[in-house]
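One structure is given below, encoded as structure tokens.
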Amino acid sequence: MAKRYSSVEGMGLKKFWKNKRVLITGHTGFKGSWLSLWLASLGAEIVGYSLPPPTNPSLFLLAKVQRDCSASVLGDVRDIKNLENVIKRYEPQIIFHLAAQSLVKKSYLDPHETFSINIMGTLNVMEILRIHKGNTKVLINITSDKCYENKEKISGYKETDCLGGHDPYSASKGSAELITTSFRNSFFPAHGYKKHHLAVASARAGNVIGGGDWAENRLIPDVVKALSDGKFLKIRYPKAVRPWQHVLDPLGGYLLLAEKLYNDGADYAEAWNFGPNNKANRTVEEVINILNKNLKQKIKYTVEQNKKSETHETTILKLNCTKTRSRLGWQPRLSLEKALQWTAEWYNVFLDLDKDNLRDLTLNQIKRYESIKF
């Protein structure tokens with residue numbers, strides 16, 4: 001049984017991360033921006049490699065994330081030469097690979113781009129580290145809970161369950177997991193760790209929520225857009241159950257996993273699930289009702305009836321995080337109600353057009369999260 005920690009401060013994260021050189025691919029995205037701000041606040045030296053912010057507005061720009069980066073390089077993870085030059089120049093000790101095409105619907109519209117970014121981007125990072133014997137000790141490939149072959153399991157998917165994917169996005173993430181496993185087994189095996197000194201893991205998280213997300217076809221960004229435009233929110237599947245969690249919960253898990261990999265090497269070089277507690281598996285309708293208790297503006301919505309979707313929709317998608325809880329000592333810190341409260345707090349400021357305070361609010365939420373005990 002892994003040691004349980006009372007708070008992020010108790011985990012010793014500040015001591016560990018101070019002056020660590022960290023490369024984050026996809027640092028201009030939603031999760032990448034939160035991760036960059038958090039690591040910078042812990043004293044890490046951040047190098048970001050990404051395309052320009054994928055949305056407008058974006059958390060990256062509103063929270064002025066670039067000022068926290070030692071280097072912020074615009075580049076495509078499919079450009080192996082450019083990515084290789086960045087890794088060779090900055091010699092990161094730890095790499096978080098987040099750069100991806102992350103939208104299911106977009107994967108239907110452009111499956112080639114989805115497979116290209118999610119597969120070749122992962123392959124390029126792995127190949128560079130295979131060839132370039134630098135200072136990198138840890139690589140965490142951030143994939144998705146959708147990497148599993150979804151059979152609507154009520155008990156949730158374990159890390160050993162079959163990978164798959166009905167839609168192109170899910171299949172691309174399953175493929176990224178297979179690439180990670182293949183390179184770990186072939187080039188960075190546990191039994192050879194003392195020779196190659198690189199611990200490779202993957203992290204699978206569910207739906208994340210939080211301030212600063214404007215991705216298309218996601219519930220909370222759609223809510224904010226509807227409120228901004230003074231329109232009704234249109235939803236199709238009000239009874240669909242999703243594993244909602246605040247973005248800081250899985251990110252905290254990634255930080256803890258990185259520390260374990262750095263200190264204990266191959267002992268933690270595996271796949272890991274980071275999902276919410278069962279109580280956070282709620283329907284779309286329930287989430288809207290909770291948001292309405294916290295947003296200054298009330299959500300008005302309509303349910304689209306009798307529209308046949310050209311895309312596959314899952315009804316239940318859960319992760320079994322028993323291994324993560326027992327071996328890493330990780331568990332979510334925010335209940336769904338609290339996660340939605342913090343999310344509403346962020347968007348209330350945005351909707352009030354008080355955008356100059358969004359950076360301070362984001363950093364404040366990180367500090368508040370660090371102080372939570374369990």
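Chain identifiers are assigned as A, B, and so on, following the order in which chains appear in the structure tokens; residues are numbered from 1 within each chain, and ligands are numbered from 1 in order of appearance.
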query = Quick one: residues within 10 Å of region 104-114 of chain A, only C-alpha atoms counted, chain neighbours fewer than 3 positions away excluded, as a ChimeraX atom specification?
reply = /A:100-101,117-120,146,167-173,216-217,310-313
Output all heavy atoms of each residue in that selection to a file, as a compact mmCIF listing (two decimals), in the first residue's frame.
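Contents of the output file result34.txt:
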```txt
# COMPACT_ATOMS: atom_id res chain seq x y z
N ALA A 100 -2.03 16.83 -28.91
CA ALA A 100 -2.93 15.85 -29.54
C ALA A 100 -4.10 16.56 -30.20
O ALA A 100 -4.39 17.73 -29.91
CB ALA A 100 -3.46 14.88 -28.49
N GLN A 101 -4.76 15.84 -31.09
CA GLN A 101 -6.09 16.24 -31.57
C GLN A 101 -7.04 15.54 -30.62
O GLN A 101 -7.13 14.32 -30.60
CB GLN A 101 -6.31 15.78 -33.02
CG GLN A 101 -7.52 16.40 -33.71
CD GLN A 101 -8.86 16.13 -33.05
OE1 GLN A 101 -9.36 16.94 -32.27
NE2 GLN A 101 -9.45 14.98 -33.33
N ILE A 117 -1.64 13.19 -36.01
CA ILE A 117 -1.12 13.89 -34.83
C ILE A 117 -0.95 12.95 -33.65
O ILE A 117 0.11 12.92 -33.01
CB ILE A 117 -2.08 15.04 -34.44
CG1 ILE A 117 -2.10 16.11 -35.52
CG2 ILE A 117 -1.65 15.65 -33.09
CD1 ILE A 117 -3.13 17.20 -35.28
N ASN A 118 -1.97 12.14 -33.38
CA ASN A 118 -1.95 11.34 -32.15
C ASN A 118 -1.02 10.14 -32.24
O ASN A 118 -0.48 9.71 -31.22
CB ASN A 118 -3.37 10.90 -31.80
CG ASN A 118 -4.26 12.08 -31.46
OD1 ASN A 118 -3.79 13.19 -31.31
ND2 ASN A 118 -5.54 11.84 -31.34
N ILE A 119 -0.84 9.62 -33.44
CA ILE A 119 0.06 8.47 -33.59
C ILE A 119 1.48 8.94 -33.89
O ILE A 119 2.43 8.57 -33.19
CB ILE A 119 -0.45 7.52 -34.69
CG1 ILE A 119 -1.74 6.84 -34.22
CG2 ILE A 119 0.61 6.48 -35.03
CD1 ILE A 119 -2.37 5.93 -35.25
N MET A 120 1.65 9.77 -34.93
CA MET A 120 3.01 10.17 -35.31
C MET A 120 3.63 11.10 -34.27
O MET A 120 4.84 11.06 -34.05
CB MET A 120 2.98 10.85 -36.68
CG MET A 120 2.60 9.92 -37.82
SD MET A 120 3.59 8.39 -37.86
CE MET A 120 5.26 9.04 -38.04
N LYS A 146 -10.75 7.04 -23.33
CA LYS A 146 -11.38 6.50 -24.53
C LYS A 146 -10.47 5.55 -25.29
O LYS A 146 -10.85 5.04 -26.35
CB LYS A 146 -11.84 7.65 -25.43
CG LYS A 146 -12.95 8.48 -24.79
CD LYS A 146 -13.37 9.64 -25.67
CE LYS A 146 -14.48 10.44 -25.04
NZ LYS A 146 -14.07 11.11 -23.78
N ASP A 167 -14.59 5.18 -32.50
CA ASP A 167 -14.38 6.35 -33.36
C ASP A 167 -12.89 6.56 -33.63
O ASP A 167 -12.04 5.99 -32.95
CB ASP A 167 -14.98 7.58 -32.69
CG ASP A 167 -14.39 7.80 -31.30
OD1 ASP A 167 -13.33 8.42 -31.19
OD2 ASP A 167 -15.01 7.31 -30.33
N PRO A 168 -12.55 7.37 -34.65
CA PRO A 168 -11.14 7.59 -34.97
C PRO A 168 -10.32 8.14 -33.81
O PRO A 168 -9.17 7.74 -33.61
CB PRO A 168 -11.20 8.59 -36.13
CG PRO A 168 -12.52 8.33 -36.78
CD PRO A 168 -13.45 7.98 -35.65
N TYR A 169 -10.90 9.06 -33.03
CA TYR A 169 -10.15 9.62 -31.90
C TYR A 169 -9.78 8.52 -30.90
O TYR A 169 -8.62 8.39 -30.50
CB TYR A 169 -10.96 10.69 -31.19
CG TYR A 169 -10.35 11.10 -29.87
CD1 TYR A 169 -9.21 11.88 -29.82
CD2 TYR A 169 -10.90 10.66 -28.66
CE1 TYR A 169 -8.63 12.22 -28.61
CE2 TYR A 169 -10.33 11.00 -27.45
CZ TYR A 169 -9.19 11.79 -27.43
OH TYR A 169 -8.60 12.11 -26.23
N SER A 170 -10.77 7.72 -30.51
CA SER A 170 -10.52 6.65 -29.54
C SER A 170 -9.50 5.65 -30.07
O SER A 170 -8.61 5.21 -29.34
CB SER A 170 -11.83 5.95 -29.20
OG SER A 170 -12.78 6.87 -28.68
N ALA A 171 -9.63 5.31 -31.33
CA ALA A 171 -8.68 4.36 -31.93
C ALA A 171 -7.27 4.94 -31.97
O ALA A 171 -6.28 4.23 -31.75
CB ALA A 171 -9.14 3.99 -33.34
N SER A 172 -7.19 6.24 -32.23
CA SER A 172 -5.86 6.87 -32.27
C SER A 172 -5.21 6.86 -30.89
O SER A 172 -3.99 6.70 -30.76
CB SER A 172 -5.96 8.31 -32.79
OG SER A 172 -6.54 9.18 -31.83
N LYS A 173 -6.02 7.02 -29.83
CA LYS A 173 -5.47 6.99 -28.47
C LYS A 173 -5.10 5.57 -28.05
O LYS A 173 -4.13 5.36 -27.34
CB LYS A 173 -6.48 7.60 -27.49
CG LYS A 173 -6.57 9.12 -27.59
CD LYS A 173 -5.22 9.75 -27.31
CE LYS A 173 -5.29 11.26 -27.21
NZ LYS A 173 -3.98 11.87 -26.91
N GLU A 216 -14.55 22.68 -28.69
CA GLU A 216 -15.85 22.48 -29.32
C GLU A 216 -16.51 21.20 -28.83
O GLU A 216 -15.84 20.21 -28.52
CB GLU A 216 -15.69 22.41 -30.84
CG GLU A 216 -15.21 23.72 -31.47
CD GLU A 216 -15.09 23.60 -32.98
OE1 GLU A 216 -15.43 22.51 -33.51
OE2 GLU A 216 -14.66 24.57 -33.62
N ASN A 217 -17.83 21.25 -28.77
CA ASN A 217 -18.64 20.08 -28.46
C ASN A 217 -18.32 19.47 -27.10
O ASN A 217 -18.33 18.25 -26.93
CB ASN A 217 -18.49 19.01 -29.56
CG ASN A 217 -18.92 19.53 -30.92
OD1 ASN A 217 -20.05 19.96 -31.09
ND2 ASN A 217 -18.00 19.51 -31.87
N GLU A 310 -24.52 11.03 -36.66
CA GLU A 310 -23.60 10.29 -37.52
C GLU A 310 -22.38 9.81 -36.74
O GLU A 310 -21.54 9.10 -37.28
CB GLU A 310 -23.15 11.19 -38.68
CG GLU A 310 -24.30 11.58 -39.62
CD GLU A 310 -23.83 12.47 -40.74
OE1 GLU A 310 -22.62 12.80 -40.75
OE2 GLU A 310 -24.65 12.83 -41.61
N THR A 311 -22.28 10.21 -35.50
CA THR A 311 -21.15 9.81 -34.66
C THR A 311 -21.63 8.87 -33.57
O THR A 311 -22.78 8.92 -33.15
CB THR A 311 -20.47 11.03 -34.02
OG1 THR A 311 -21.42 11.70 -33.17
CG2 THR A 311 -19.99 11.99 -35.09
N HIS A 312 -20.73 8.02 -33.12
CA HIS A 312 -21.05 7.05 -32.07
C HIS A 312 -21.02 7.74 -30.72
O HIS A 312 -20.11 8.51 -30.40
CB HIS A 312 -20.01 5.91 -32.10
CG HIS A 312 -20.19 4.92 -30.99
ND1 HIS A 312 -21.21 4.02 -30.97
CD2 HIS A 312 -19.46 4.70 -29.86
CE1 HIS A 312 -21.12 3.26 -29.89
NE2 HIS A 312 -20.06 3.66 -29.20
N GLU A 313 -22.03 7.50 -29.91
CA GLU A 313 -22.11 8.09 -28.57
C GLU A 313 -22.12 6.98 -27.53
O GLU A 313 -22.88 6.02 -27.64
CB GLU A 313 -23.39 8.92 -28.42
CG GLU A 313 -23.46 10.14 -29.33
CD GLU A 313 -22.63 11.29 -28.81
OE1 GLU A 313 -22.15 11.19 -27.66
OE2 GLU A 313 -22.46 12.27 -29.54
```
request  = From a DSSP pass on the backbone, collect the residues of region 93-291 of chain A flagged as helix (DSSP H, G or I) and hand them back as a PyMOL selection string.
outcome  = chain A and resi 104-109+111-131+145-147+168-187+190-196+219-229+248-268+278-280+284-291
task = Just list the residues in region 215-264 of chain A DSSP gives strand (DSSP E or B) on the backbone, as JSON, numbers by chain.
result = {"A": [233, 234, 235, 241, 242, 243, 245, 246]}
Go ahead and save the picked residues with C-alpha atoms, as a PDB file, in the first residue's frame.
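Ended up saving to part.pdb:
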```
ATOM      1  CA  LEU A 233     -28.014  25.519 -24.823  1.00  0.00           C
ATOM      2  CA  LYS A 234     -28.796  22.559 -27.064  1.00  0.00           C
ATOM      3  CA  ILE A 235     -28.058  19.093 -25.678  1.00  0.00           C
ATOM      4  CA  VAL A 241     -23.166   9.452 -17.843  1.00  0.00           C
ATOM      5  CA  ARG A 242     -19.623  10.809 -17.908  1.00  0.00           C
ATOM      6  CA  PRO A 243     -16.714  10.661 -15.406  1.00  0.00           C
ATOM      7  CA  GLN A 245     -13.416  15.664 -12.711  1.00  0.00           C
ATOM      8  CA  HIS A 246     -11.662  18.980 -12.194  1.00  0.00           C
TER       9      HIS A 246
END
```
key: For Lys14 (chain A): contacts at 7 Å, only C-alpha atoms, fewer than 2 positions along chain excluded, given as a ChimeraX atom specification   = /A:12,16-18,42-43
query = Which neighbours of Pro92 (chain A) fall inside 12 Å, counting only C-alpha atoms, when residues of the same chain fewer than 6 positions from it are skipped, and could you give them as an MDAnalysis selection string?
reply = chainID A and resid 19:25 44:49 70:71 84:86 129 132:139
inquiry  = Need the shell around Thr180 (chain A): protein/DNA/RNA residues with any atom at most 9 Å away, counting only C-alpha atoms. Skip same-chain ones fewer than 6 positions apart. Format as JSON, numbers by chain?
reply    = {"A": [122, 123, 126, 141, 200, 201, 202]}
With all heavy atoms retained, could you export that selection as a PDB file, in the first residue's frame?
```pdb
ATOM      1  N   THR A 122       3.200  10.875 -31.006  1.00  0.00           N
ATOM      2  CA  THR A 122       3.703   9.960 -29.973  1.00  0.00           C
ATOM      3  C   THR A 122       4.935   9.215 -30.457  1.00  0.00           C
ATOM      4  O   THR A 122       5.937   9.094 -29.733  1.00  0.00           O
ATOM      5  CB  THR A 122       2.603   8.956 -29.582  1.00  0.00           C
ATOM      6  OG1 THR A 122       1.479   9.658 -29.053  1.00  0.00           O
ATOM      7  CG2 THR A 122       3.116   7.972 -28.537  1.00  0.00           C
ATOM      8  N   LEU A 123       4.882   8.718 -31.678  1.00  0.00           N
ATOM      9  CA  LEU A 123       6.017   7.980 -32.240  1.00  0.00           C
ATOM     10  C   LEU A 123       7.260   8.859 -32.298  1.00  0.00           C
ATOM     11  O   LEU A 123       8.373   8.404 -31.981  1.00  0.00           O
ATOM     12  CB  LEU A 123       5.661   7.467 -33.634  1.00  0.00           C
ATOM     13  CG  LEU A 123       6.757   6.693 -34.380  1.00  0.00           C
ATOM     14  CD1 LEU A 123       7.172   5.454 -33.607  1.00  0.00           C
ATOM     15  CD2 LEU A 123       6.275   6.316 -35.778  1.00  0.00           C
ATOM     16  N   MET A 126       8.893   9.271 -28.865  1.00  0.00           N
ATOM     17  CA  MET A 126       9.549   8.014 -28.491  1.00  0.00           C
ATOM     18  C   MET A 126      10.832   7.791 -29.292  1.00  0.00           C
ATOM     19  O   MET A 126      11.869   7.395 -28.734  1.00  0.00           O
ATOM     20  CB  MET A 126       8.595   6.839 -28.734  1.00  0.00           C
ATOM     21  CG  MET A 126       7.324   6.864 -27.926  1.00  0.00           C
ATOM     22  SD  MET A 126       7.608   6.473 -26.186  1.00  0.00           S
ATOM     23  CE  MET A 126       5.939   6.710 -25.552  1.00  0.00           C
ATOM     24  N   ASN A 141       3.195   9.841 -21.329  1.00  0.00           N
ATOM     25  CA  ASN A 141       2.326  10.063 -22.478  1.00  0.00           C
ATOM     26  C   ASN A 141       0.893  10.166 -21.972  1.00  0.00           C
ATOM     27  O   ASN A 141       0.349   9.221 -21.415  1.00  0.00           O
ATOM     28  CB  ASN A 141       2.464   8.913 -23.481  1.00  0.00           C
ATOM     29  CG  ASN A 141       1.636   9.142 -24.728  1.00  0.00           C
ATOM     30  OD1 ASN A 141       1.324  10.284 -25.077  1.00  0.00           O
ATOM     31  ND2 ASN A 141       1.287   8.068 -25.418  1.00  0.00           N
ATOM     32  N   VAL A 200       9.168   5.176 -18.779  1.00  0.00           N
ATOM     33  CA  VAL A 200       8.094   5.591 -19.679  1.00  0.00           C
ATOM     34  C   VAL A 200       6.755   5.089 -19.150  1.00  0.00           C
ATOM     35  O   VAL A 200       6.590   3.894 -18.883  1.00  0.00           O
ATOM     36  CB  VAL A 200       8.330   5.046 -21.104  1.00  0.00           C
ATOM     37  CG1 VAL A 200       7.170   5.432 -22.017  1.00  0.00           C
ATOM     38  CG2 VAL A 200       9.643   5.570 -21.662  1.00  0.00           C
ATOM     39  N   ALA A 201       5.806   5.990 -19.004  1.00  0.00           N
ATOM     40  CA  ALA A 201       4.474   5.620 -18.515  1.00  0.00           C
ATOM     41  C   ALA A 201       3.422   6.335 -19.357  1.00  0.00           C
ATOM     42  O   ALA A 201       3.714   7.284 -20.086  1.00  0.00           O
ATOM     43  CB  ALA A 201       4.311   5.997 -17.046  1.00  0.00           C
ATOM     44  N   SER A 202       2.191   5.855 -19.234  1.00  0.00           N
ATOM     45  CA  SER A 202       1.065   6.546 -19.867  1.00  0.00           C
ATOM     46  C   SER A 202       0.009   6.825 -18.805  1.00  0.00           C
ATOM     47  O   SER A 202      -0.107   6.095 -17.821  1.00  0.00           O
ATOM     48  CB  SER A 202       0.472   5.720 -21.012  1.00  0.00           C
ATOM     49  OG  SER A 202      -0.030   4.481 -20.541  1.00  0.00           O
TER      50      SER A 202
END
```
